[in-house]
$ cat work-v7.tsv   # TSV, C-alpha atoms
chain	number	residue	atom	x	y	z
A	1	MET	CA	-11.11	55.08	33.12
A	2	LYS	CA	-10.07	53.44	29.89
A	3	SER	CA	-12.43	52.41	27.10
A	4	LEU	CA	-12.16	49.63	24.54
A	5	SER	CA	-14.07	49.91	21.27
A	6	VAL	CA	-15.66	46.77	19.89
A	7	SER	CA	-17.42	46.32	16.57
A	8	LYS	CA	-20.21	43.78	16.31
A	9	ALA	CA	-22.75	43.66	13.49
A	10	GLN	CA	-21.62	47.15	12.50
A	11	GLU	CA	-22.49	48.49	15.94
A	12	GLN	CA	-19.99	50.16	18.22
A	13	ILE	CA	-20.09	48.75	21.71
A	14	THR	CA	-17.90	50.35	24.33
A	15	TYR	CA	-17.01	48.68	27.56
A	16	GLU	CA	-15.51	50.91	30.17
A	17	LEU	CA	-12.97	49.21	32.32
A	18	CYS	CA	-12.27	50.34	35.86
A	19	GLU	CA	-8.57	50.30	36.65
A	20	ASN	CA	-9.22	48.48	39.90
A	21	PHE	CA	-11.18	45.78	38.01
A	22	ASN	CA	-14.15	45.77	40.33
A	23	ALA	CA	-16.64	45.54	37.45
A	24	TRP	CA	-17.44	46.22	33.86
A	25	LYS	CA	-20.16	48.74	33.02
A	26	SER	CA	-23.26	47.25	31.47
A	27	CYS	CA	-23.24	46.77	27.74
A	28	PRO	CA	-25.28	49.49	25.98
A	29	CYS	CA	-26.35	47.17	23.17
A	30	SER	CA	-29.95	46.08	23.74
A	31	ASN	CA	-29.61	43.07	21.43
A	32	CYS	CA	-26.54	41.75	23.15
A	33	CYS	CA	-27.87	39.91	26.17
A	34	THR	CA	-30.30	40.04	29.01
A	35	SER	CA	-28.08	40.57	32.00
A	36	LYS	CA	-25.67	42.74	29.94
A	37	SER	CA	-22.74	42.50	32.26
A	38	LEU	CA	-19.42	40.82	32.78
A	39	SER	CA	-18.01	40.23	36.22
A	40	VAL	CA	-14.26	40.60	36.66
A	41	ILE	CA	-12.84	39.33	39.91
A	42	ALA	CA	-9.45	40.81	40.73
A	43	GLY	CA	-7.69	43.26	42.97
A	44	PRO	CA	-6.26	46.64	41.99
A	45	LYS	CA	-2.66	45.43	41.85
A	46	TYR	CA	-3.15	42.13	40.05
A	47	SER	CA	-1.45	41.45	36.72
A	48	VAL	CA	-3.33	40.04	33.73
A	49	ASN	CA	-1.97	36.57	34.52
A	50	GLN	CA	-3.71	36.65	37.89
A	51	LEU	CA	-7.18	37.61	36.73
A	52	THR	CA	-10.13	35.27	36.92
A	53	ILE	CA	-12.81	36.24	34.42
A	54	TYR	CA	-16.25	34.69	34.54
A	55	LEU	CA	-18.65	35.10	31.66
A	56	MET	CA	-22.02	36.05	33.07
A	57	THR	CA	-23.99	36.78	29.90
A	58	PRO	CA	-26.25	33.80	29.16
A	59	LYS	CA	-27.25	34.57	25.56
A	60	ILE	CA	-24.12	35.77	23.77
A	61	SER	CA	-22.41	33.38	21.37
A	62	TRP	CA	-18.75	34.09	22.01
A	63	THR	CA	-15.90	32.93	19.79
A	64	SER	CA	-13.57	30.24	20.96
A	65	LYS	CA	-10.05	31.60	20.75
A	66	PHE	CA	-8.54	33.91	23.34
A	67	SER	CA	-5.15	35.62	23.05
A	68	VAL	CA	-3.72	37.31	26.12
A	69	CYS	CA	-1.28	40.21	25.80
A	70	PRO	CA	0.75	39.85	29.01
A	71	GLU	CA	3.29	42.57	28.25
A	72	SER	CA	1.11	45.33	29.65
A	73	ALA	CA	2.61	46.95	32.75
A	74	MET	CA	-0.80	47.59	34.29
A	75	ALA	CA	-3.59	45.18	35.03
A	76	CYS	CA	-5.76	45.31	31.93
A	77	ALA	CA	-8.08	42.71	30.46
A	78	ALA	CA	-11.23	42.47	28.41
A	79	VAL	CA	-13.47	39.85	26.86
A	80	MET	CA	-14.37	40.65	23.26
A	81	ILE	CA	-17.00	39.36	20.84
A	82	PRO	CA	-16.87	38.14	17.21
A	83	GLY	CA	-15.66	40.71	14.73
A	84	LEU	CA	-12.99	42.27	16.90
A	85	LEU	CA	-9.65	42.33	15.10
A	86	ARG	CA	-7.51	44.13	17.61
A	87	CYS	CA	-7.94	45.96	20.88
A	88	SER	CA	-5.74	48.10	23.09
A	89	VAL	CA	-2.56	46.84	24.74
A	90	GLY	CA	-3.17	44.49	27.63
A	91	ALA	CA	-6.56	43.32	26.45
A	92	ILE	CA	-7.77	39.91	25.34
A	93	ARG	CA	-8.20	39.55	21.57
A	94	ILE	CA	-10.72	37.27	19.88
A	95	GLU	CA	-10.80	36.21	16.25
A	96	ALA	CA	-13.62	34.12	14.78
A	97	ALA	CA	-12.79	30.41	14.63
A	98	SER	CA	-14.73	27.66	12.93
A	99	LEU	CA	-15.57	25.93	16.22
A	100	ARG	CA	-17.53	28.05	18.71
A	101	LEU	CA	-18.07	27.52	22.38
A	102	THR	CA	-21.58	27.63	23.75
A	103	LEU	CA	-22.24	29.94	26.68
A	104	SER	CA	-22.86	27.00	28.99
A	105	THR	CA	-19.33	25.87	28.20
A	106	LEU	CA	-17.82	29.31	28.64
A	107	ARG	CA	-19.55	30.09	31.89
A	108	HIS	CA	-17.08	29.84	34.74
A	109	LEU	CA	-14.32	29.01	32.22
A	110	THR	CA	-11.34	30.70	33.75
A	111	LEU	CA	-8.85	32.53	31.57
A	112	THR	CA	-6.22	32.78	34.24
A	113	SER	CA	-2.63	31.64	34.22
A	114	ILE	CA	-2.69	31.13	37.99
A	115	MET	CA	-5.56	29.31	39.67
A	116	LYS	CA	-5.46	28.72	43.39
A	117	SER	CA	-6.20	25.22	44.60
A	118	LYS	CA	-6.08	23.42	47.90
A	119	ARG	CA	-3.64	20.94	46.33
A	120	LYS	CA	-0.04	21.86	46.98
A	121	THR	CA	0.91	20.50	43.56
A	122	ASP	CA	-1.64	22.38	41.50
A	123	HIS	CA	-0.66	22.47	37.82
A	124	MET	CA	-1.09	26.23	37.41
A	125	GLU	CA	1.04	26.98	40.45
A	126	ARG	CA	3.79	24.55	39.48
A	127	THR	CA	3.99	25.92	35.95
A	128	ALA	CA	3.40	29.62	36.68
A	129	SER	CA	6.84	30.57	35.32
A	130	VAL	CA	6.75	28.19	32.33
A	131	LEU	CA	6.28	29.56	28.83
A	132	ARG	CA	2.78	29.25	27.37
A	133	ARG	CA	1.20	30.19	24.11
A	134	GLU	CA	-1.20	33.10	24.36
A	135	ILE	CA	-4.06	31.37	22.52
A	136	VAL	CA	-6.81	29.49	24.34
A	137	SER	CA	-8.76	27.37	21.85
A	138	ALA	CA	-12.07	25.54	22.01
A	139	ALA	CA	-11.96	21.75	21.82
A	140	LYS	CA	-14.62	19.07	21.58
A	141	VAL	CA	-14.27	15.50	22.86
A	142	CYS	CA	-14.50	13.22	19.81
A	143	GLY	CA	-13.24	9.98	21.31
A	144	ALA	CA	-12.47	8.25	24.61
A	145	ALA	CA	-11.04	4.89	25.65
A	146	SER	CA	-9.62	3.05	28.67
A	147	GLU	CA	-5.88	2.62	28.24
A	148	SER	CA	-5.44	0.80	31.57
A	149	PRO	CA	-7.43	0.20	34.75
A	150	SER	CA	-6.44	3.69	35.92
A	151	VAL	CA	-5.89	5.71	32.74
A	152	LYS	CA	-8.45	7.09	30.27
A	153	SER	CA	-7.48	8.57	26.91
A	154	LEU	CA	-9.30	11.41	25.17
A	155	ARG	CA	-9.32	12.55	21.56
A	156	LEU	CA	-10.05	16.25	21.18
A	157	LEU	CA	-11.07	18.02	18.00
A	158	VAL	CA	-9.45	21.48	17.87
A	159	ALA	CA	-10.78	23.33	14.82
A	160	ASP	CA	-8.79	26.51	15.48
A	161	GLN	CA	-6.17	26.60	12.69
A	162	ASP	CA	-3.86	28.73	14.84
A	163	PHE	CA	-3.63	26.04	17.52
A	164	SER	CA	-0.35	24.09	17.29
A	165	PHE	CA	2.12	22.38	19.60
A	166	LYS	CA	5.57	20.78	19.66
A	167	ALA	CA	6.01	17.10	20.47
A	168	GLY	CA	6.34	16.77	24.25
A	169	GLN	CA	4.32	19.82	25.31
A	170	TRP	CA	1.24	19.88	27.54
A	171	VAL	CA	-2.04	21.78	27.62
A	172	ASP	CA	-3.80	23.81	30.27
A	173	PHE	CA	-7.19	22.08	30.32
A	174	PHE	CA	-10.15	24.37	31.05
A	175	ILE	CA	-13.37	22.58	32.00
A	176	PRO	CA	-16.77	24.32	32.25
A	177	GLY	CA	-18.00	24.27	35.83
A	178	VAL	CA	-14.63	23.15	37.24
A	179	SER	CA	-12.66	25.97	38.85
A	180	VAL	CA	-9.34	24.11	38.89
A	181	VAL	CA	-7.39	24.07	35.63
A	182	GLY	CA	-5.95	20.71	34.58
A	183	GLY	CA	-2.55	20.13	33.05
A	184	PHE	CA	-2.18	17.13	30.73
A	185	SER	CA	0.63	16.19	28.34
A	186	ILE	CA	-0.29	15.62	24.70
A	187	CYS	CA	0.55	12.06	23.65
A	188	SER	CA	-0.21	12.37	19.92
A	189	SER	CA	2.09	13.73	17.25
A	190	PRO	CA	1.90	17.21	15.72
A	191	ARG	CA	1.25	15.49	12.38
A	192	LEU	CA	-2.11	14.13	13.61
A	193	LEU	CA	-3.19	17.66	14.46
A	194	GLU	CA	-2.09	18.92	11.03
A	195	GLN	CA	-3.99	16.16	9.22
A	196	GLU	CA	-7.11	15.67	11.35
A	197	ARG	CA	-7.20	18.66	13.78
A	198	VAL	CA	-7.07	16.13	16.65
A	199	ILE	CA	-4.91	15.86	19.76
A	200	GLU	CA	-4.83	12.99	22.22
A	201	LEU	CA	-4.44	13.02	26.01
A	202	ALA	CA	-4.18	10.23	28.57
A	203	VAL	CA	-5.35	11.04	32.11
A	204	LYS	CA	-4.67	8.97	35.22
A	205	TYR	CA	-7.46	8.67	37.77
A	206	THR	CA	-6.85	10.80	40.86
A	207	ASN	CA	-8.96	12.92	43.21
A	208	HIS	CA	-7.83	16.07	41.41
A	209	PRO	CA	-11.01	17.75	40.03
A	210	PRO	CA	-9.94	17.82	36.33
A	211	ALA	CA	-8.99	14.12	36.44
A	212	LEU	CA	-12.26	13.26	38.20
A	213	TRP	CA	-14.17	15.11	35.49
A	214	VAL	CA	-12.36	13.20	32.73
A	215	HIS	CA	-13.08	9.83	34.33
A	216	ASN	CA	-16.56	10.39	35.77
A	217	THR	CA	-18.29	13.14	33.78
A	218	CYS	CA	-16.70	13.57	30.36
A	219	THR	CA	-18.67	12.21	27.39
A	220	LEU	CA	-18.50	12.55	23.62
A	221	ASP	CA	-19.13	16.10	22.36
A	222	CYS	CA	-18.26	17.70	25.71
A	223	GLU	CA	-16.69	21.10	25.10
A	224	VAL	CA	-13.54	22.29	26.86
A	225	ALA	CA	-10.74	24.73	26.08
A	226	VAL	CA	-6.99	24.17	25.82
A	227	ARG	CA	-3.82	26.25	25.83
A	228	VAL	CA	-0.36	24.89	24.92
A	229	GLY	CA	2.61	25.29	27.24
A	230	GLY	CA	5.84	23.67	28.27
A	231	GLU	CA	9.57	23.79	27.61
A	232	PHE	CA	9.96	20.02	27.30
A	233	PHE	CA	9.79	19.22	23.58
A	234	PHE	CA	11.59	17.82	20.53
A	235	ASP	CA	11.27	20.05	17.50
A	236	PRO	CA	14.29	19.63	15.18
A	237	GLN	CA	14.65	21.74	12.06
A	238	PRO	CA	15.77	20.28	8.70
A	239	ALA	CA	19.27	21.77	8.93
A	240	ASP	CA	19.91	20.65	12.52
A	241	ALA	CA	22.56	18.05	13.29
A	242	SER	CA	21.34	14.47	13.44
A	243	ARG	CA	20.68	13.26	16.98
A	244	ASN	CA	19.94	9.96	18.69
A	245	LEU	CA	17.17	9.99	21.28
A	246	VAL	CA	16.93	8.12	24.56
A	247	LEU	CA	13.45	8.40	26.10
A	248	ILE	CA	13.03	7.40	29.77
A	249	ALA	CA	9.45	7.12	31.02
A	250	GLY	CA	7.84	6.16	34.30
A	251	GLY	CA	4.10	5.49	34.55
A	252	VAL	CA	1.98	8.17	32.86
A	253	GLY	CA	5.23	9.99	32.13
A	254	ILE	CA	5.02	8.06	28.87
A	255	ASN	CA	2.58	10.65	27.48
A	256	PRO	CA	4.96	13.39	26.27
A	257	LEU	CA	7.56	10.80	25.31
A	258	LEU	CA	5.03	8.95	23.17
A	259	SER	CA	4.35	12.24	21.40
A	260	ILE	CA	8.10	12.58	20.77
A	261	LEU	CA	8.35	8.94	19.64
A	262	ARG	CA	5.45	9.38	17.21
A	263	HIS	CA	6.96	12.61	15.92
A	264	ALA	CA	10.28	10.83	15.38
A	265	ALA	CA	8.43	8.14	13.40
A	266	ASP	CA	6.80	10.84	11.26
A	267	LEU	CA	10.26	12.30	10.58
A	268	LEU	CA	11.54	8.84	9.57
A	269	ARG	CA	8.62	8.39	7.16
A	270	GLU	CA	9.21	11.84	5.71
A	271	GLN	CA	12.91	11.08	5.25
A	272	ALA	CA	12.10	7.77	3.53
A	273	ASN	CA	9.50	9.29	1.20
A	274	LYS	CA	11.09	12.60	0.29
A	275	ARG	CA	14.76	11.90	0.92
A	276	ASN	CA	15.02	15.27	2.63
A	277	GLY	CA	14.07	16.96	5.88
A	278	TYR	CA	15.57	16.28	9.28
A	279	GLU	CA	17.70	13.14	9.45
A	280	ILE	CA	17.09	11.58	12.85
A	281	GLY	CA	19.36	8.96	14.41
A	282	THR	CA	18.26	6.00	16.55
A	283	ILE	CA	15.55	6.14	19.21
A	284	LYS	CA	15.54	3.97	22.33
A	285	LEU	CA	12.58	4.01	24.72
A	286	PHE	CA	12.94	2.81	28.33
A	287	TYR	CA	9.52	2.59	29.93
A	288	SER	CA	8.73	1.40	33.47
A	289	ALA	CA	5.38	0.71	35.13
A	290	LYS	CA	4.04	-1.41	37.96
A	291	ASN	CA	2.83	-4.21	35.68
A	292	THR	CA	2.01	-4.86	32.04
A	293	SER	CA	-1.59	-3.68	32.41
A	294	GLU	CA	-0.21	-0.26	33.42
A	295	LEU	CA	2.16	-0.08	30.44
A	296	LEU	CA	0.20	2.36	28.31
A	297	PHE	CA	0.08	2.31	24.51
A	298	LYS	CA	1.94	-1.00	24.29
A	299	LYS	CA	0.55	-1.83	20.87
A	300	ASN	CA	1.34	1.62	19.47
A	301	ILE	CA	4.91	1.40	20.73
A	302	LEU	CA	5.52	-2.11	19.39
A	303	ASP	CA	3.98	-1.17	16.03
A	304	LEU	CA	6.59	1.58	15.68
A	305	VAL	CA	9.38	-0.78	16.74
A	306	ASN	CA	8.28	-3.24	14.07
A	307	GLU	CA	7.87	-0.52	11.43
A	308	PHE	CA	11.39	0.83	12.03
A	309	PRO	CA	13.41	-2.08	13.48
A	310	GLU	CA	16.74	-0.48	12.61
A	311	LYS	CA	15.84	2.87	14.11
A	312	ILE	CA	13.41	2.38	17.03
A	313	ALA	CA	13.87	0.01	19.99
A	314	CYS	CA	12.19	-0.30	23.37
A	315	SER	CA	12.82	-1.84	26.76
A	316	LEU	CA	9.66	-2.23	28.85
A	317	HIS	CA	10.14	-2.67	32.60
A	318	VAL	CA	7.67	-3.95	35.20
A	319	THR	CA	8.34	-3.63	38.92
A	320	LYS	CA	5.43	-5.54	40.51
A	321	GLN	CA	4.25	-8.08	37.96
A	322	THR	CA	2.12	-10.84	39.52
A	323	THR	CA	0.62	-12.47	36.41
A	324	GLN	CA	2.14	-14.28	33.46
A	325	ILE	CA	3.47	-12.03	30.68
A	326	ASN	CA	1.99	-12.80	27.27
A	327	ALA	CA	4.18	-14.14	24.49
A	328	GLU	CA	3.97	-11.05	22.29
A	329	LEU	CA	5.25	-8.75	25.04
A	330	LYS	CA	7.79	-11.07	26.65
A	331	PRO	CA	10.76	-10.29	24.34
A	332	TYR	CA	10.52	-6.62	25.30
A	333	ILE	CA	9.89	-7.02	29.05
A	334	THR	CA	12.45	-6.77	31.84
A	335	GLU	CA	11.34	-7.37	35.41
A	336	GLY	CA	12.77	-4.72	37.70
A	337	ARG	CA	13.52	-1.03	37.46
A	338	ILE	CA	15.42	0.74	34.70
A	339	THR	CA	19.07	0.71	35.73
A	340	GLU	CA	21.78	3.32	35.52
A	341	LYS	CA	23.94	0.94	33.46
A	342	GLU	CA	21.27	0.55	30.78
A	343	ILE	CA	21.15	4.30	30.34
A	344	ARG	CA	24.92	4.76	30.57
A	345	ASP	CA	25.41	2.36	27.66
A	346	HIS	CA	23.63	4.83	25.39
A	347	ILE	CA	25.65	7.93	26.24
A	348	SER	CA	27.29	9.61	23.27
A	349	LYS	CA	27.96	13.12	21.99
A	350	GLU	CA	25.10	12.74	19.50
A	351	THR	CA	22.45	11.63	22.00
A	352	LEU	CA	19.68	13.67	23.63
A	353	PHE	CA	18.01	12.33	26.77
A	354	TYR	CA	14.33	12.99	27.56
A	355	ILE	CA	13.08	11.90	30.99
A	356	CYS	CA	9.52	12.07	32.31
A	357	GLY	CA	8.13	10.36	35.39
A	358	PRO	CA	7.81	10.73	39.17
A	359	PRO	CA	10.16	13.35	40.65
A	360	PRO	CA	12.53	10.83	42.34
A	361	MET	CA	12.99	9.04	39.02
A	362	THR	CA	13.64	12.17	36.96
A	363	ASP	CA	16.00	13.52	39.63
A	364	PHE	CA	17.94	10.25	39.77
A	365	PHE	CA	18.51	9.83	36.05
A	366	SER	CA	19.23	13.50	35.32
A	367	LYS	CA	21.82	13.51	38.13
A	368	GLN	CA	23.39	10.27	36.92
A	369	LEU	CA	23.68	11.62	33.39
A	370	GLU	CA	25.34	14.79	34.66
A	371	ASN	CA	27.75	12.69	36.71
A	372	ASN	CA	28.63	10.86	33.51
A	373	HIS	CA	29.50	14.18	31.84
A	374	VAL	CA	26.45	14.46	29.62
A	375	PRO	CA	26.04	18.19	28.85
A	376	LYS	CA	23.06	19.74	30.63
A	377	GLU	CA	21.69	20.97	27.32
A	378	HIS	CA	21.42	17.31	26.23
A	379	ILE	CA	19.27	16.39	29.24
A	380	CYS	CA	15.57	17.34	29.17
A	381	PHE	CA	13.26	16.28	31.96
A	382	GLU	CA	9.74	16.84	33.17
A	383	LYS	CA	8.19	15.65	36.40
A	384	TRP	CA	4.62	14.46	36.81
A	385	TRP	CA	3.00	14.72	40.20
$ encode --input "work-v7.tsv" --output "structure tokens"
Amino acid sequence: MKSLSVSKAQEQITYELCENFNAWKSCPCSNCCTSKSLSVIAGPKYSVNQLTIYLMTPKISWTSKFSVCPESAMACAAVMIPGLLRCSVGAIRIEAASLRLTLSTLRHLTLTSIMKSKRKTDHMERTASVLRREIVSAAKVCGAASESPSVKSLRLLVADQDFSFKAGQWVDFFIPGVSVVGGFSICSSPRLLEQERVIELAVKYTNHPPALWVHNTCTLDCEVAVRVGGEFFFDPQPADASRNLVLIAGGVGINPLLSILRHAADLLREQANKRNGYEIGTIKLFYSAKNTSELLFKKNILDLVNEFPEKIACSLHVTKQTTQINAELKPYITEGRITEKEIRDHISKETLFYICGPPPMTDFFSKQLENNHVPKEHICFEKWW
């Protein structure tokens, strides 16, 4: 047996953890809760990334940030309460954050890195080997809107000051009462989070439980939890060499690329105002969707093109347009798919290529760029499923 000491309201509370993770012993603190127990569901040989922890105590107010220490060789995990600064290796650490989750939100909130699902393309399975931050932070829905007939955007308030991300990354999306963990790319810029503690997501309607929840159940002030992950990002440092960007998006693959585009615009503003910082080159966005109603964030994109006409350009493609294209959009619209030649015309030693869309699209363009001798380290792609 191993014990973990926890301090709460100047009381010492010790949870004894069985090495086979069958159960926690009841909490000895009479003021803590009524049921006084936590249920840990795992087998004796599971690693911390394969544990599913359910909070079963209905009256404890737990803090909102979780930090997993995955380096432990043995399976070891714990759920701590406010006031804990550090626990033994392999445990989960909690620090008080300004936004707290209610118990109804935390109940059945999984803290796993692998969640089984009947879907073959489950986010947690696809990204099991992808780097993630250790922190899981509480978030509250503070805005929602329809971006297209099939896509709903969310604004999430994340008060945790330790929560951050790089432009292009995604979040694991933990929903109370939903056992499947969602995976959604952030479409806002890191600057918005710094200034307002807000991130934005855009979720396409599917039968996947997290997407169904976003479209059918989610309302203002709903509480969820998020954890940043992903190796697809643009995060230049001030001393880095100047680069041009070519962004290639298909459908909702625009989400991480919009984050990168907005971050690039923030860098341009910073360069103009301070005359220092990272000096970015030109940015060209190629974006394809079925029709203009499915081209997400059109106004946001064109606003940036108009704000930086010498730096930012876009080519919007529609493949199945059946209605007349409005006058404002028409100069930017091409009917038909993005072509290899369009992309090839932008190849240079100073250019980085970011591709996000359906797997056949990302495979095609990444292969074509390699065939045209673009270094692999200059080609970044992410597939949405």
$ closest_atom_pairs --input "work-v7.tsv" --of "range 187-246 of chain A" --to "range 136-151 of chain A" --cutoff "10 Å" --atoms "all atoms listed in the file" --output "tab-separated table"
residue	atom	partner	partner_atom	distance
A:Arg197	CA	A:Ala139	CA	9.8
A:Val198	CA	A:Cys142	CA	8.6
A:Ile199	CA	A:Ala139	CA	9.4
A:Glu200	CA	A:Gly143	CA	9.0
A:Leu201	CA	A:Ala144	CA	9.4
A:Ala202	CA	A:Val151	CA	6.4
A:Val203	CA	A:Val151	CA	5.4
A:Lys204	CA	A:Val151	CA	4.3
A:Tyr205	CA	A:Ser150	CA	5.4
A:Thr206	CA	A:Ser150	CA	8.7
A:Ala211	CA	A:Val151	CA	9.7
A:Val214	CA	A:Ala144	CA	9.5
A:His215	CA	A:Val151	CA	8.4
A:Cys218	CA	A:Val141	CA	8.1
A:Thr219	CA	A:Val141	CA	7.1
A:Leu220	CA	A:Val141	CA	5.2
A:Asp221	CA	A:Val141	CA	4.9
A:Cys222	CA	A:Val141	CA	5.4
A:Glu223	CA	A:Lys140	CA	4.6
A:Val224	CA	A:Ala139	CA	5.3
A:Ala225	CA	A:Ala138	CA	4.4
A:Val226	CA	A:Ser137	CA	5.4
A:Arg227	CA	A:Val136	CA	4.7
A:Val228	CA	A:Val136	CA	7.9
$ atom_distance --input "work-v7.tsv" --atom1 "CA of Gly229 in chain A" --atom2 "CA of Ile379 in chain A"
19.0 Å
$ residues_around --input "work-v7.tsv" --residues "Pro358 in chain A" --least-positions-apart "6" --cutoff "8 Å" --atoms "only C-alpha atoms" --output "JSON, numbers by chain"
{"A": [250, 251, 253, 383, 384, 385]}
$ closest_residue --input "work-v7.tsv" --among "A:Ile347, A:Met361, A:Ile312, A:Ala327" --to "Ala289 in chain A" --atoms "all atoms listed in the file"
A:Met361
$ closest_residue --input "work-v7.tsv" --among "A:Ala265, A:Cys380, A:Ala272, A:Val171" --to "Tyr354 in chain A" --atoms "only C-alpha atoms"
A:Cys380
$ residues_around --input "work-v7.tsv" --residues "Ile333 in chain A" --least-positions-apart "6" --cutoff "12 Å" --atoms "all atoms listed in the file" --output "VMD selection string"
chain A and resid 286 to 289 291 to 292 295 298 302 314 to 319 321 324 to 327
$ atom_distance --input "work-v7.tsv" --atom1 "CA of Ser189 in chain A" --atom2 "CA of Ile254 in chain A"
13.3 Å
$ residues_around --input "work-v7.tsv" --residues "range 230-235 of chain A" --least-positions-apart "5" --cutoff "7 Å" --atoms "all atoms listed in the file" --output "JSON list (two decimals) with C-alpha atoms, in the coordinates of the input"
[["chain", "number", "residue", "atom", "x", "y", "z"],
["A", 130, "VAL", "CA", 6.75, 28.19, 32.33],
["A", 131, "LEU", "CA", 6.28, 29.56, 28.83],
["A", 132, "ARG", "CA", 2.78, 29.25, 27.37],
["A", 166, "LYS", "CA", 5.57, 20.78, 19.66],
["A", 167, "ALA", "CA", 6.01, 17.10, 20.47],
["A", 168, "GLY", "CA", 6.34, 16.77, 24.25],
["A", 169, "GLN", "CA", 4.32, 19.82, 25.31],
["A", 170, "TRP", "CA", 1.24, 19.88, 27.54],
["A", 260, "ILE", "CA", 8.10, 12.58, 20.77],
["A", 380, "CYS", "CA", 15.57, 17.34, 29.17],
["A", 381, "PHE", "CA", 13.26, 16.28, 31.96],
["A", 382, "GLU", "CA", 9.74, 16.84, 33.17]]
$ atom_distance --input "work-v7.tsv" --atom1 "CA of Gly177 in chain A" --atom2 "CA of Leu212 in chain A"
12.6 Å
$ closest_residue --input "work-v7.tsv" --among "A:Asn216, A:Ala249, A:Phe165, A:Asn255" --to "Ser185 in chain A" --atoms "all atoms listed in the file"
A:Asn255
$ residues_around --input "work-v7.tsv" --residues "Ala264 in chain A" --least-positions-apart "3" --cutoff "10 Å" --atoms "all atoms listed in the file" --output "list in words"
Ala167, Ser189, Phe234, Asp235, Pro236, Leu245, Leu258, Ser259, Ile260, Leu261, Leu267, Leu268, Arg269, Glu270, Tyr278, Glu279, Ile280, Gly281, Thr282, Ile283, Leu304, Lys311 and Ile312 of chain A
$ residues_near_point --input "work-v7.tsv" --point "(20.6, 14.4, 21.4)" --cutoff "7 Å" --atoms "all atoms listed in the file" --output "list in words"
Arg243, Asn244, Leu245, Glu350, Thr351, Leu352, Phe353 and His378 of chain A
$ closest_residue --input "work-v7.tsv" --among "A:Ser293, A:Asn371, A:Arg337, A:His263" --to "Arg191 in chain A" --atoms "only C-alpha atoms"
A:His263
$ residues_near_point --input "work-v7.tsv" --point "(15.6, 4.1, 41.9)" --cutoff "10 Å" --atoms "only C-alpha atoms" --output "VMD selection string"
chain A and resid 337 to 340 360 to 365
$ closest_residue --input "work-v7.tsv" --among "A:Pro238, A:Leu247, A:Leu329, A:His123" --to "Gln271 in chain A" --atoms "only C-alpha atoms"
A:Pro238
$ closest_residue --input "work-v7.tsv" --among "A:Asp122, A:Asn273, A:Gly182, A:Tyr332" --to "Lys299 in chain A" --atoms "only C-alpha atoms"
A:Tyr332
$ decode --input "work-v7.tsv" --residues "range 161-191 of chain A" --atoms "C-alpha atoms" --output "PDB file, in the first residue's frame"
ATOM      1  CA  GLN A 161      -3.925  31.427 -15.799  1.00  0.00           C
ATOM      2  CA  ASP A 162      -1.727  28.402 -16.483  1.00  0.00           C
ATOM      3  CA  PHE A 163      -3.829  27.364 -19.482  1.00  0.00           C
ATOM      4  CA  SER A 164      -2.175  28.343 -22.779  1.00  0.00           C
ATOM      5  CA  PHE A 165      -1.872  27.040 -26.324  1.00  0.00           C
ATOM      6  CA  LYS A 166       0.003  27.581 -29.581  1.00  0.00           C
ATOM      7  CA  ALA A 167      -1.811  28.651 -32.736  1.00  0.00           C
ATOM      8  CA  GLY A 168      -2.989  25.501 -34.521  1.00  0.00           C
ATOM      9  CA  GLN A 169      -3.369  23.198 -31.518  1.00  0.00           C
ATOM     10  CA  TRP A 170      -6.512  21.378 -30.388  1.00  0.00           C
ATOM     11  CA  VAL A 171      -8.153  20.558 -27.069  1.00  0.00           C
ATOM     12  CA  ASP A 172      -9.382  17.350 -25.509  1.00  0.00           C
ATOM     13  CA  PHE A 173     -12.964  18.322 -24.671  1.00  0.00           C
ATOM     14  CA  PHE A 174     -14.369  16.728 -21.502  1.00  0.00           C
ATOM     15  CA  ILE A 175     -18.147  16.933 -21.131  1.00  0.00           C
ATOM     16  CA  PRO A 176     -20.013  16.043 -17.919  1.00  0.00           C
ATOM     17  CA  GLY A 177     -22.213  13.010 -18.476  1.00  0.00           C
ATOM     18  CA  VAL A 178     -20.605  12.149 -21.835  1.00  0.00           C
ATOM     19  CA  SER A 179     -18.135   9.271 -21.631  1.00  0.00           C
ATOM     20  CA  VAL A 180     -16.489   9.973 -24.991  1.00  0.00           C
ATOM     21  CA  VAL A 181     -13.871  12.732 -25.043  1.00  0.00           C
ATOM     22  CA  GLY A 182     -14.117  15.208 -27.914  1.00  0.00           C
ATOM     23  CA  GLY A 183     -11.225  16.651 -29.860  1.00  0.00           C
ATOM     24  CA  PHE A 184     -11.697  20.118 -31.376  1.00  0.00           C
ATOM     25  CA  SER A 185      -9.166  22.509 -32.896  1.00  0.00           C
ATOM     26  CA  ILE A 186      -8.973  26.008 -31.437  1.00  0.00           C
ATOM     27  CA  CYS A 187      -9.783  28.616 -34.088  1.00  0.00           C
ATOM     28  CA  SER A 188      -8.981  31.752 -32.065  1.00  0.00           C
ATOM     29  CA  SER A 189      -5.562  33.301 -31.560  1.00  0.00           C
ATOM     30  CA  PRO A 190      -3.409  32.949 -28.441  1.00  0.00           C
ATOM     31  CA  ARG A 191      -3.696  36.730 -28.060  1.00  0.00           C
TER      32      ARG A 191
END
